[in-house]
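Student: To start, I am sharing the structure in question, which I have written as structure tokens.
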Amino acid sequence: MQILYFSRVREAIGKDEETLTPPADVTTVDGLLNWLSTKDEGYEQAFKNRDGLRAAVNQTFSPMDAPIKHGDEIAIFPPVTGG
Amino acid sequence: MQILYFSRVREAIGKDEETLTPPADVTTVDGLLNWLSTKDEGYEQAFKNRDGLRAAVNQTFSPMDAPIKHGDEIAIFPPVTGG
Amino acid sequence: MRISVQEQDFSIDKEVEALVRGRGDIGAVATFSGLVRGDNGITQMTLEHYPGMTEKQLEAIAKDAMKRFSLDDCLIIHRYGTLKVGERIVLVITLSKSRKAAFQGAEFLMDWLKTQAPFWKKESNGNESKWVDAKAEDKHTQEKWK
Amino acid sequence: MRISVQEQDFSIDKEVEALVRGRGDIGAVATFSGLVRGDNGITQMTLEHYPGMTEKQLEAIAKDAMKRFSLDDCLIIHRYGTLKVGERIVLVITLSKSRKAAFQGAEFLMDWLKTQAPFWKKESNGNESKWVDAKAEDKHTQEKWK
């Protein structure tokens with residue numbers, strides 16, 4: 001599973017991209033963030049305020065309870081500010 | 001009194017501008033058009049359909065009953081189609 | 001604020017650049033260009049206007065837009081003479097801090113130009129030419145701003 | 001329909017010309033450019049985006065606008081990288097027979113870009129830099145089109 005971070009989240013975690021294989025019981029974006037938060041304090045800090053986070057699964061904006069599976073591209077970022 | 005004609009009105013009358021001194025009882029745009037219509041059939045034809053005419057007195061859009069006086073610049077034309 | 005009644009074509013880039021140059025407070029630039037459309041075999045259009053009054057009216061419309069929408073600047077260029085299909089007739093530009101004001105200002109300028117600027121269009125298909133009738137729709141569109 | 005995510009600046013004239021070239025059915029061309037504003041001592045802005053997803057989103061937004069407003073064509077250019085105050089961030093262009101559709105299409109494109117395009121802005125005053133917060137207002141503006 002490829003995980004991408006942008007903006008504040010990228011800076012908080014200190015990397016823009018990583019490839020991970022979460023355990024089988026991680027089946028949603030929220031689940032992924034919970035799992036990562038238990039692994040390392042950097043993730044915990046970055047993912048603490050879930051209201052300030054948005055996600056995309058395979059390059060489509062998705063809710064935090066969206067299902068994820070092996071091979072997906074998951075991106076985590078703050079609300080967008082383009083235009 | 002300087003009188004200007006534009007668009008269809010100019011073509012119907014066959015001139016774009018003339019200087020005239022109407023009699024003293026001509027005190028409105030309508031009055032001017034009535035007076036001109038009695039003078040010549042060309043004017044009569046051009047001013048027949050008053051609903052299709054608009055006027056400006058001294059370069060300001062004005063209603064047909066707007067007062068006019070010696071020295072004014074009067075323009076007669078169809079509704080505008082710019083932009 | 002810049003107003004121009006001219007025969008020659010214009011550059012949107014140059015006009016925008018001249019308006020924005022030296023200032024850092026502009027977030028939004030809206031522009032609108034009106035082109036000659038080749039409907040029903042039309043090949044060209046001739047625009048007649050009322051010199052003197054035209055400039056006065058464009059100036060008044062631009063001032064009104066500046067005030068109503070708190071624009072930071074605006075421009076109107078309106079061409080006259082003979083223009084072929086695809087050529088530009090009119091350009092409006094609005095500058096503002098916010099995109100909403102810029103869009104509204106530009107739309108207002110165009111709506112008012114249609115009914116408040118002394119221009120008359122004559123369309124030609126190469127053989128015969130015909131004065132364009134004013135649209136009742138344009139009158140209504142303008143009145144919504146009152 | 002043209003979409004571009006690029007670092008370099010653009011020319012409004014060139015983009016309009018490329019869209020209009022060879023066709024005589026366009027009466028209305030609306031454009032909107034968004035510029036970096038120098039509020040509160042800001043001197044420059046850096047835009048980060050999500051390559052791959054950005055293009056997909058711009059394409060989807062442009063297609064939606066074409067359909068909703070029966071546009072004849074449209075364009076979105078969105079820049080990324082570091083831009084100084086006064087520099088252009090984004091350009092949208094809409095082509096239509098009627099001015100109302102052109103204006104509405106351009107406004108729709110901008111409203112949707114604000115909430116549907118994966119870009120993030122970081123402002124800098126020369127000493128420190130700060131990520132721009134999303135505006136609740138933009139979310140509401142976008143929702144009015146639903």
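Ordering of the structure tokens sets the chain letters (A, B, ...); residue numbers start at 1 within each chain; ligands are numbered from 1 in the order shown.
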Considering only C-alpha atoms, return as a list in words whatever protein or nucleic-acid residues lie within 10 Å of segment 61-63 of chain C, sequence-local ones (same chain, fewer than 5 positions apart) excluded.

Tutor: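 The residues that qualify are Met1, Arg2, Ile3, Glu55, Lys56, Arg68, Leu71, Asp73, Cys74, Leu75, Ile76, Val92, Thr94, Gly105, Ala106, Phe108, Leu109, Met110, Trp112, Leu113, Gln116 and Ala117 of chain C.
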
Student: Write out, as an mmCIF file, in the first residue's frame, the residues just selected, with N, CA and C atoms.

Tutor:
```
data_model
loop_
_atom_site.group_PDB
_atom_site.id
_atom_site.type_symbol
_atom_site.label_atom_id
_atom_site.label_comp_id
_atom_site.auth_asym_id
_atom_site.auth_seq_id
_atom_site.Cartn_x
_atom_site.Cartn_y
_atom_site.Cartn_z
ATOM 1 N N MET C 1 -8.855 53.263 -13.766
ATOM 2 C CA MET C 1 -10.009 53.140 -14.668
ATOM 3 C C MET C 1 -9.598 53.605 -16.058
ATOM 4 N N ARG C 2 -9.867 52.758 -17.052
ATOM 5 C CA ARG C 2 -9.524 53.155 -18.413
ATOM 6 C C ARG C 2 -10.694 52.823 -19.339
ATOM 7 N N ILE C 3 -10.982 53.801 -20.198
ATOM 8 C CA ILE C 3 -12.074 53.691 -21.165
ATOM 9 C C ILE C 3 -11.464 53.942 -22.529
ATOM 10 N N GLU C 55 -18.145 57.860 -25.002
ATOM 11 C CA GLU C 55 -17.110 57.966 -23.968
ATOM 12 C C GLU C 55 -17.748 58.341 -22.622
ATOM 13 N N LYS C 56 -18.662 59.291 -22.654
ATOM 14 C CA LYS C 56 -19.346 59.714 -21.413
ATOM 15 C C LYS C 56 -20.078 58.555 -20.758
ATOM 16 N N ARG C 68 -20.247 50.136 -6.944
ATOM 17 C CA ARG C 68 -21.159 49.057 -6.542
ATOM 18 C C ARG C 68 -20.444 47.832 -6.011
ATOM 19 N N LEU C 71 -14.637 47.658 -6.666
ATOM 20 C CA LEU C 71 -13.542 47.165 -7.505
ATOM 21 C C LEU C 71 -12.279 47.985 -7.245
ATOM 22 N N ASP C 73 -10.020 48.332 -9.724
ATOM 23 C CA ASP C 73 -9.844 49.027 -10.996
ATOM 24 C C ASP C 73 -10.710 48.333 -12.043
ATOM 25 N N CYS C 74 -10.933 49.015 -13.146
ATOM 26 C CA CYS C 74 -11.630 48.350 -14.251
ATOM 27 C C CYS C 74 -11.321 49.031 -15.571
ATOM 28 N N LEU C 75 -11.651 48.347 -16.641
ATOM 29 C CA LEU C 75 -11.365 48.846 -17.985
ATOM 30 C C LEU C 75 -12.498 48.451 -18.932
ATOM 31 N N ILE C 76 -12.804 49.345 -19.853
ATOM 32 C CA ILE C 76 -13.728 49.011 -20.958
ATOM 33 C C ILE C 76 -13.076 49.466 -22.260
ATOM 34 N N VAL C 92 -13.976 43.875 -21.331
ATOM 35 C CA VAL C 92 -14.052 44.488 -20.006
ATOM 36 C C VAL C 92 -13.105 43.713 -19.084
ATOM 37 N N THR C 94 -12.009 43.559 -14.814
ATOM 38 C CA THR C 94 -12.237 44.044 -13.454
ATOM 39 C C THR C 94 -11.165 43.484 -12.531
ATOM 40 N N GLY C 105 -18.691 42.433 -11.121
ATOM 41 C CA GLY C 105 -18.386 43.705 -11.769
ATOM 42 C C GLY C 105 -18.326 43.556 -13.281
ATOM 43 N N ALA C 106 -17.692 42.485 -13.749
ATOM 44 C CA ALA C 106 -17.551 42.276 -15.197
ATOM 45 C C ALA C 106 -18.915 41.980 -15.828
ATOM 46 N N PHE C 108 -21.848 42.916 -14.674
ATOM 47 C CA PHE C 108 -22.578 44.188 -14.631
ATOM 48 C C PHE C 108 -22.163 45.096 -15.797
ATOM 49 N N LEU C 109 -20.864 45.251 -15.992
ATOM 50 C CA LEU C 109 -20.373 46.106 -17.085
ATOM 51 C C LEU C 109 -20.950 45.660 -18.429
ATOM 52 N N MET C 110 -20.916 44.346 -18.679
ATOM 53 C CA MET C 110 -21.433 43.843 -19.958
ATOM 54 C C MET C 110 -22.940 44.067 -20.077
ATOM 55 N N TRP C 112 -24.745 46.334 -18.705
ATOM 56 C CA TRP C 112 -25.048 47.759 -18.901
ATOM 57 C C TRP C 112 -24.603 48.257 -20.263
ATOM 58 N N LEU C 113 -23.479 47.757 -20.749
ATOM 59 C CA LEU C 113 -23.039 48.155 -22.090
ATOM 60 C C LEU C 113 -24.111 47.861 -23.137
ATOM 61 N N GLN C 116 -26.865 50.628 -22.408
ATOM 62 C CA GLN C 116 -26.548 52.012 -22.031
ATOM 63 C C GLN C 116 -25.431 52.642 -22.860
ATOM 64 N N ALA C 117 -24.864 51.887 -23.782
ATOM 65 C CA ALA C 117 -23.793 52.465 -24.602
ATOM 66 C C ALA C 117 -24.327 52.677 -26.018
#
```

Student: Matching every Cα in sequence order between the two identical chains, what are the coordinates of chain A once fitted onto chain B? Write them as a compact mmCIF listing (two decimals) with C-alpha atoms, in the first residue's frame.

Tutor:
```txt
# COMPACT_ATOMS: atom_id res chain seq x y z
CA MET A 1 -30.21 73.23 -32.53
CA GLN A 2 -27.96 70.41 -33.71
CA ILE A 3 -29.75 67.19 -34.61
CA LEU A 4 -27.92 63.89 -35.07
CA TYR A 5 -29.26 60.66 -36.54
CA PHE A 6 -27.82 57.18 -36.10
CA SER A 7 -28.28 53.71 -37.54
CA ARG A 8 -31.65 53.04 -39.23
CA VAL A 9 -32.78 56.63 -38.63
CA ARG A 10 -29.67 58.03 -40.28
CA GLU A 11 -30.21 55.79 -43.29
CA ALA A 12 -33.94 56.60 -43.54
CA ILE A 13 -33.33 60.35 -43.43
CA GLY A 14 -30.21 60.18 -45.57
CA LYS A 15 -28.04 62.40 -43.41
CA ASP A 16 -26.21 62.03 -40.13
CA GLU A 17 -26.45 65.55 -38.83
CA GLU A 18 -28.12 68.90 -39.44
CA THR A 19 -28.53 72.25 -37.72
CA LEU A 20 -32.11 73.54 -37.53
CA THR A 21 -34.04 76.28 -35.81
CA PRO A 22 -37.52 74.94 -35.02
CA PRO A 23 -40.38 77.35 -34.23
CA ALA A 24 -40.79 78.48 -30.63
CA ASP A 25 -43.70 76.08 -29.96
CA VAL A 26 -41.40 73.07 -30.44
CA THR A 27 -40.36 72.45 -26.82
CA THR A 28 -39.89 68.65 -26.56
CA VAL A 29 -38.20 65.84 -28.52
CA ASP A 30 -41.64 64.60 -29.58
CA GLY A 31 -42.54 68.11 -30.71
CA LEU A 32 -39.37 68.27 -32.79
CA LEU A 33 -40.15 64.94 -34.49
CA ASN A 34 -43.74 66.11 -35.20
CA TRP A 35 -42.51 69.37 -36.70
CA LEU A 36 -39.93 67.59 -38.88
CA SER A 37 -42.55 65.04 -40.03
CA THR A 38 -44.77 67.83 -41.38
CA LYS A 39 -41.86 69.28 -43.33
CA ASP A 40 -40.89 66.28 -45.41
CA GLU A 41 -42.08 62.74 -46.17
CA GLY A 42 -38.59 61.31 -45.47
CA TYR A 43 -38.83 62.47 -41.84
CA GLU A 44 -42.42 61.28 -41.61
CA GLN A 45 -41.37 57.76 -42.66
CA ALA A 46 -38.32 57.74 -40.38
CA PHE A 47 -40.27 58.92 -37.32
CA LYS A 48 -43.51 56.99 -37.96
CA ASN A 49 -42.92 54.24 -35.41
CA ARG A 50 -42.08 56.20 -32.25
CA ASP A 51 -41.85 53.01 -30.14
CA GLY A 52 -38.78 52.08 -32.14
CA LEU A 53 -37.06 55.41 -31.46
CA ARG A 54 -34.87 56.62 -28.63
CA ALA A 55 -33.41 60.05 -27.99
CA ALA A 56 -30.52 61.76 -26.28
CA VAL A 57 -30.52 65.43 -25.30
CA ASN A 58 -27.02 66.84 -24.85
CA GLN A 59 -25.58 63.32 -24.90
CA THR A 60 -27.85 61.99 -22.17
CA PHE A 61 -30.56 59.39 -22.86
CA SER A 62 -33.86 61.25 -22.51
CA PRO A 63 -37.55 60.40 -22.78
CA MET A 64 -39.53 61.61 -25.80
CA ASP A 65 -41.24 64.28 -23.71
CA ALA A 66 -37.93 65.72 -22.51
CA PRO A 67 -37.72 69.52 -22.90
CA ILE A 68 -35.41 70.88 -25.59
CA LYS A 69 -34.18 74.41 -26.18
CA HIS A 70 -32.07 76.48 -28.54
CA GLY A 71 -28.44 75.30 -28.54
CA ASP A 72 -29.19 71.74 -27.48
CA GLU A 73 -27.69 68.69 -29.18
CA ILE A 74 -30.51 66.25 -29.95
CA ALA A 75 -29.86 62.70 -31.20
CA ILE A 76 -32.50 60.32 -32.58
CA PHE A 77 -31.78 56.61 -33.00
CA PRO A 78 -33.16 53.08 -32.53
CA PRO A 79 -32.54 51.17 -29.27
CA VAL A 80 -28.80 50.58 -28.85
CA THR A 81 -27.17 47.20 -29.62
CA GLY A 82 -23.60 47.49 -28.36
CA GLY A 83 -21.54 45.28 -26.07
```

Student: Quick one: contact table of chain C to chain B, 12 Å max, nearest atom pair and distance in Å to one decimal per residue, counting only C-alpha atoms, chain and number order, as CSV?

Tutor:
```
residue,atom,partner,partner_atom,distance
C:Val5,CA,B:Gly83,CA,11.8
C:Phe32,CA,B:Gly83,CA,10.4
C:Ser33,CA,B:Gly83,CA,9.2
C:Gly34,CA,B:Gly83,CA,7.0
C:Leu35,CA,B:Gly83,CA,9.5
C:Val36,CA,B:Gly83,CA,10.6
C:Met45,CA,B:Gly82,CA,11.6
C:Thr46,CA,B:Ser7,CA,10.5
C:Leu47,CA,B:Gly82,CA,8.0
C:Glu48,CA,B:Ser7,CA,7.0
C:His49,CA,B:Phe6,CA,7.7
C:Tyr50,CA,B:Phe6,CA,7.6
C:Pro51,CA,B:Gln59,CA,9.5
C:Gly52,CA,B:Gln59,CA,7.4
C:Met53,CA,B:Gln59,CA,4.9
C:Thr54,CA,B:Gln59,CA,8.4
C:Glu55,CA,B:Gln59,CA,10.0
C:Lys56,CA,B:Gln59,CA,8.0
C:Gln57,CA,B:Thr60,CA,8.3
C:Leu58,CA,B:Gly83,CA,10.8
C:Ala60,CA,B:Thr60,CA,11.0
C:Ile76,CA,B:Gly83,CA,10.1
C:Ile77,CA,B:Gly83,CA,9.9
C:His78,CA,B:Gly83,CA,7.4
C:Arg79,CA,B:Gly83,CA,9.3
C:Tyr80,CA,B:Gly82,CA,9.6
C:Arg88,CA,B:Gly83,CA,10.5
C:Ile89,CA,B:Gly83,CA,7.3
C:Val90,CA,B:Gly83,CA,6.1
C:Leu91,CA,B:Gly83,CA,8.7
C:Val92,CA,B:Gly83,CA,9.7
C:Ala106,CA,B:Gly83,CA,12.0
C:Glu107,CA,B:Gly83,CA,11.3
C:Phe108,CA,B:Gly83,CA,11.5
C:Leu109,CA,B:Gly83,CA,9.1
C:Met110,CA,B:Gly83,CA,6.3
C:Asp111,CA,B:Gly83,CA,8.0
C:Trp112,CA,B:Gly83,CA,8.3
C:Leu113,CA,B:Gly83,CA,5.1
C:Lys114,CA,B:Gly83,CA,4.8
C:Thr115,CA,B:Val80,CA,6.0
C:Gln116,CA,B:Val80,CA,7.3
C:Ala117,CA,B:Gly82,CA,6.2
C:Pro118,CA,B:Val80,CA,5.5
C:Phe119,CA,B:Gly82,CA,4.5
C:Trp120,CA,B:Thr81,CA,4.9
C:Lys121,CA,B:Thr81,CA,6.0
C:Lys122,CA,B:Ser7,CA,8.3
C:Glu123,CA,B:Thr81,CA,11.4
C:Ser129,CA,B:Arg8,CA,11.7
C:Lys130,CA,B:Arg8,CA,9.4
C:Trp131,CA,B:Arg8,CA,7.1
C:Val132,CA,B:Thr81,CA,6.9
C:Asp133,CA,B:Thr81,CA,7.0
C:Ala134,CA,B:Thr81,CA,5.4
C:Lys135,CA,B:Thr81,CA,8.0
C:Ala136,CA,B:Pro79,CA,10.1
C:Glu137,CA,B:Thr81,CA,11.9
C:Asp138,CA,B:Thr81,CA,9.3
C:Lys139,CA,B:Pro79,CA,10.1
```

Student: Please, which residues in chain D fall within 10 Å of chain C when counting only C-alpha atoms, and what is the closest atom pair and distance in Å to one decimal for each, ordered by chain then residue number, as a tab-separated table?

Tutor:
```
residue	atom	partner	partner_atom	distance
D:Phe10	CA	C:Asp13	CA	9.6
D:Ser11	CA	C:Asp13	CA	6.5
D:Ile12	CA	C:Asp13	CA	5.8
D:Asp13	CA	C:Ile12	CA	5.8
D:Lys14	CA	C:Asp13	CA	9.0
D:Val16	CA	C:Ile12	CA	9.4
D:Glu17	CA	C:Gly86	CA	9.9
D:Val20	CA	C:Gly86	CA	7.5
D:Arg21	CA	C:Gly86	CA	8.1
D:Gly22	CA	C:Gly86	CA	8.3
D:Arg23	CA	C:Gly86	CA	7.1
D:Gly24	CA	C:Gly38	CA	5.1
D:Asp25	CA	C:Arg37	CA	5.2
D:Ile26	CA	C:Arg37	CA	5.8
D:Gly27	CA	C:Leu35	CA	4.6
D:Ala28	CA	C:Gly34	CA	4.9
D:Val29	CA	C:Ser33	CA	5.1
D:Ala30	CA	C:Phe32	CA	4.5
D:Thr31	CA	C:Thr31	CA	5.1
D:Phe32	CA	C:Ala30	CA	4.5
D:Ser33	CA	C:Val29	CA	5.1
D:Gly34	CA	C:Ala28	CA	4.9
D:Leu35	CA	C:Gly27	CA	4.6
D:Val36	CA	C:Gly27	CA	6.1
D:Arg37	CA	C:Asp25	CA	5.2
D:Gly38	CA	C:Gly24	CA	5.2
D:Asp39	CA	C:Asp25	CA	6.9
D:Ile42	CA	C:Gly24	CA	9.5
D:Thr43	CA	C:Gly24	CA	9.1
D:Lys84	CA	C:Gly24	CA	9.5
D:Val85	CA	C:Gly24	CA	5.8
D:Gly86	CA	C:Gly24	CA	5.3
D:Glu87	CA	C:Gly24	CA	9.0
D:Arg88	CA	C:Gly27	CA	8.9
D:Ile89	CA	C:Gly27	CA	9.5
D:Val90	CA	C:Ala28	CA	9.9
D:Leu91	CA	C:Val29	CA	9.5
D:Val92	CA	C:Ala30	CA	9.6
D:Ile93	CA	C:Thr31	CA	9.3
D:Thr94	CA	C:Phe32	CA	9.7
D:Leu95	CA	C:Ser33	CA	9.8
D:Lys97	CA	C:Arg37	CA	7.9
D:Ser98	CA	C:Gly34	CA	9.2
D:Arg99	CA	C:Gly34	CA	7.9
D:Lys100	CA	C:Glu107	CA	8.0
D:Ala102	CA	C:Phe32	CA	8.7
D:Phe103	CA	C:Glu107	CA	7.1
D:Gln104	CA	C:Phe103	CA	8.9
D:Ala106	CA	C:Phe103	CA	8.7
D:Glu107	CA	C:Phe103	CA	7.1
D:Met110	CA	C:Arg99	CA	8.3
D:Asp111	CA	C:Arg99	CA	9.1
D:Thr141	CA	C:Lys100	CA	9.9
```

Student: Could you write out, as a PyMOL selection string, all the residues of segment 10-76 of chain B that DSSP marks as alpha helix (DSSP H)?

Tutor: chain B and resi 10-13+29-39+41-47

Student: Please write the residues from the selection above to a file, keeping C-alpha atoms, as an mmCIF file, in the first residue's frame.

Tutor:
```
data_model
loop_
_atom_site.group_PDB
_atom_site.id
_atom_site.type_symbol
_atom_site.label_atom_id
_atom_site.label_comp_id
_atom_site.auth_asym_id
_atom_site.auth_seq_id
_atom_site.Cartn_x
_atom_site.Cartn_y
_atom_site.Cartn_z
ATOM 1 C CA ARG B 10 -29.677 58.055 -40.282
ATOM 2 C CA GLU B 11 -30.221 55.788 -43.301
ATOM 3 C CA ALA B 12 -33.939 56.609 -43.534
ATOM 4 C CA ILE B 13 -33.311 60.362 -43.439
ATOM 5 C CA VAL B 29 -38.219 65.851 -28.511
ATOM 6 C CA ASP B 30 -41.645 64.604 -29.577
ATOM 7 C CA GLY B 31 -42.550 68.106 -30.707
ATOM 8 C CA LEU B 32 -39.378 68.253 -32.780
ATOM 9 C CA LEU B 33 -40.173 64.956 -34.488
ATOM 10 C CA ASN B 34 -43.748 66.107 -35.184
ATOM 11 C CA TRP B 35 -42.525 69.370 -36.691
ATOM 12 C CA LEU B 36 -39.944 67.586 -38.876
ATOM 13 C CA SER B 37 -42.571 65.037 -40.017
ATOM 14 C CA THR B 38 -44.789 67.851 -41.377
ATOM 15 C CA LYS B 39 -41.859 69.265 -43.342
ATOM 16 C CA GLU B 41 -42.078 62.736 -46.170
ATOM 17 C CA GLY B 42 -38.603 61.327 -45.464
ATOM 18 C CA TYR B 43 -38.823 62.466 -41.844
ATOM 19 C CA GLU B 44 -42.420 61.265 -41.612
ATOM 20 C CA GLN B 45 -41.369 57.763 -42.656
ATOM 21 C CA ALA B 46 -38.319 57.743 -40.370
ATOM 22 C CA PHE B 47 -40.291 58.918 -37.311
#
```

Student: With chain C held fixed, move chain D onto it by a least-squares fit of all C-alpha atoms in order and give the output as a short mmCIF file (atom, residue, chain, number, x, y, z; two decimals) with C-alpha atoms, in the first residue's frame.

Tutor:
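Below is the file that was written, selection-v3.cif:
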```cif
data_model
loop_
_atom_site.label_atom_id
_atom_site.label_comp_id
_atom_site.auth_asym_id
_atom_site.auth_seq_id
_atom_site.Cartn_x
_atom_site.Cartn_y
_atom_site.Cartn_z
CA MET D 1 -10.03 53.14 -14.69
CA ARG D 2 -9.51 53.15 -18.42
CA ILE D 3 -12.06 53.69 -21.17
CA SER D 4 -11.32 53.43 -24.85
CA VAL D 5 -13.47 53.64 -27.98
CA GLN D 6 -11.24 52.52 -30.81
CA GLU D 7 -11.09 50.84 -34.20
CA GLN D 8 -8.03 48.66 -33.58
CA ASP D 9 -7.87 45.32 -31.75
CA PHE D 10 -6.52 44.94 -28.21
CA SER D 11 -4.32 42.59 -26.18
CA ILE D 12 -5.90 41.19 -23.00
CA ASP D 13 -2.45 40.45 -21.53
CA LYS D 14 -1.19 43.99 -22.09
CA GLU D 15 -4.31 45.60 -20.64
CA VAL D 16 -4.29 43.32 -17.57
CA GLU D 17 -0.58 43.93 -17.04
CA ALA D 18 -1.00 47.71 -17.22
CA LEU D 19 -3.79 47.57 -14.62
CA VAL D 20 -1.99 45.22 -12.21
CA ARG D 21 1.53 46.67 -12.56
CA GLY D 22 3.09 47.95 -9.37
CA ARG D 23 0.33 46.81 -7.04
CA GLY D 24 0.26 43.72 -4.82
CA ASP D 25 -3.29 44.01 -3.49
CA ILE D 26 -5.12 42.35 -6.38
CA GLY D 27 -6.23 38.73 -6.00
CA ALA D 28 -8.76 38.49 -8.80
CA VAL D 29 -8.82 39.60 -12.43
CA ALA D 30 -11.93 38.84 -14.50
CA THR D 31 -12.12 39.62 -18.21
CA PHE D 32 -14.85 39.32 -20.79
CA SER D 33 -14.46 39.61 -24.56
CA GLY D 34 -17.38 39.74 -26.94
CA LEU D 35 -16.75 38.34 -30.43
CA VAL D 36 -18.54 38.61 -33.78
CA ARG D 37 -20.48 35.36 -34.21
CA GLY D 38 -21.06 33.92 -37.67
CA ASP D 39 -24.72 32.89 -37.23
CA ASN D 40 -26.91 32.55 -40.33
CA GLY D 41 -24.14 33.15 -42.82
CA ILE D 42 -22.98 36.41 -41.25
CA THR D 43 -19.45 37.24 -42.37
CA GLN D 44 -18.93 40.65 -40.81
CA MET D 45 -20.45 43.36 -38.67
CA THR D 46 -20.20 47.14 -38.72
CA LEU D 47 -20.48 49.09 -35.50
CA GLU D 48 -21.62 52.70 -35.52
CA HIS D 49 -21.45 54.82 -32.38
CA TYR D 50 -22.15 58.31 -31.08
CA PRO D 51 -18.73 59.94 -30.54
CA GLY D 52 -18.67 62.05 -27.41
CA MET D 53 -21.69 60.43 -25.81
CA THR D 54 -20.13 56.94 -26.03
CA GLU D 55 -17.10 57.94 -23.97
CA LYS D 56 -19.33 59.70 -21.42
CA GLN D 57 -21.53 56.63 -21.06
CA LEU D 58 -18.64 54.15 -20.75
CA GLU D 59 -17.07 56.39 -18.11
CA ALA D 60 -20.32 56.55 -16.16
CA ILE D 61 -20.88 52.78 -16.36
CA ALA D 62 -17.30 52.07 -15.25
CA LYS D 63 -17.58 54.49 -12.31
CA ASP D 64 -20.84 52.91 -11.25
CA ALA D 65 -19.29 49.41 -11.35
CA MET D 66 -16.26 50.55 -9.31
CA LYS D 67 -18.56 51.82 -6.57
CA ARG D 68 -21.16 49.05 -6.55
CA PHE D 69 -18.65 46.20 -6.32
CA SER D 70 -15.79 48.03 -4.56
CA LEU D 71 -13.55 47.18 -7.50
CA ASP D 72 -9.87 48.13 -7.33
CA ASP D 73 -9.84 49.03 -11.00
CA CYS D 74 -11.64 48.36 -14.26
CA LEU D 75 -11.36 48.84 -18.00
CA ILE D 76 -13.72 49.01 -20.95
CA ILE D 77 -12.54 48.90 -24.57
CA HIS D 78 -15.29 49.03 -27.19
CA ARG D 79 -14.42 48.86 -30.87
CA TYR D 80 -16.28 50.40 -33.81
CA GLY D 81 -15.96 50.03 -37.57
CA THR D 82 -16.13 46.82 -39.57
CA LEU D 83 -15.21 43.54 -37.86
CA LYS D 84 -15.09 40.02 -39.32
CA VAL D 85 -16.49 36.88 -37.72
CA GLY D 86 -14.27 35.85 -34.79
CA GLU D 87 -12.97 39.39 -34.23
CA ARG D 88 -13.31 40.97 -30.81
CA ILE D 89 -15.89 43.74 -30.31
CA VAL D 90 -15.54 44.58 -26.65
CA LEU D 91 -13.30 43.91 -23.65
CA VAL D 92 -14.05 44.50 -20.00
CA ILE D 93 -11.60 43.83 -17.18
CA THR D 94 -12.25 44.06 -13.45
CA LEU D 95 -9.71 43.94 -10.61
CA SER D 96 -10.61 43.07 -7.07
CA LYS D 97 -9.39 41.42 -3.91
CA SER D 98 -12.12 38.79 -4.20
CA ARG D 99 -13.25 36.71 -7.15
CA LYS D 100 -16.94 37.27 -6.49
CA ALA D 101 -16.67 41.05 -6.87
CA ALA D 102 -14.50 40.71 -9.98
CA PHE D 103 -17.02 38.38 -11.66
CA GLN D 104 -20.04 40.46 -10.66
CA GLY D 105 -18.39 43.70 -11.77
CA ALA D 106 -17.55 42.27 -15.20
CA GLU D 107 -21.05 40.86 -15.67
CA PHE D 108 -22.58 44.18 -14.63
CA LEU D 109 -20.37 46.09 -17.08
CA MET D 110 -21.42 43.83 -19.95
CA ASP D 111 -25.12 43.94 -19.04
CA TRP D 112 -25.03 47.73 -18.90
CA LEU D 113 -23.02 48.15 -22.09
CA LYS D 114 -25.76 46.26 -23.94
CA THR D 115 -28.41 48.85 -23.09
CA GLN D 116 -26.53 52.00 -22.03
CA ALA D 117 -23.78 52.46 -24.61
CA PRO D 118 -24.75 54.21 -27.87
CA PHE D 119 -23.55 51.59 -30.37
CA TRP D 120 -25.51 50.08 -33.24
CA LYS D 121 -24.55 46.87 -35.02
CA LYS D 122 -25.21 46.08 -38.64
CA GLU D 123 -24.64 42.50 -39.73
CA SER D 124 -23.71 41.50 -43.27
CA ASN D 125 -23.63 38.12 -45.01
CA GLY D 126 -21.61 39.49 -47.91
CA ASN D 127 -24.66 40.29 -50.07
CA GLU D 128 -26.99 42.20 -47.84
CA SER D 129 -26.73 43.88 -44.49
CA LYS D 130 -29.24 44.35 -41.71
CA TRP D 131 -29.35 46.37 -38.50
CA VAL D 132 -29.43 44.19 -35.40
CA ASP D 133 -32.58 44.57 -33.30
CA ALA D 134 -32.23 45.30 -29.58
CA LYS D 135 -33.15 42.32 -27.41
CA ALA D 136 -35.87 42.72 -24.78
CA GLU D 137 -33.87 40.15 -22.81
CA ASP D 138 -30.91 42.55 -22.52
CA LYS D 139 -33.18 45.22 -21.09
CA HIS D 140 -34.43 42.78 -18.44
CA THR D 141 -30.92 41.58 -17.63
CA GLN D 142 -29.79 45.14 -17.07
CA GLU D 143 -32.78 45.91 -14.88
CA LYS D 144 -31.96 43.14 -12.42
CA TRP D 145 -29.03 45.27 -11.16
CA LYS D 146 -31.29 48.15 -10.16
#
```

Student: Write down as a ChimeraX atom specification the residues of segment 17-58 of chain B whose backbone DSSP state falls under strand (DSSP E).

Tutor: /B:17-19,54-57
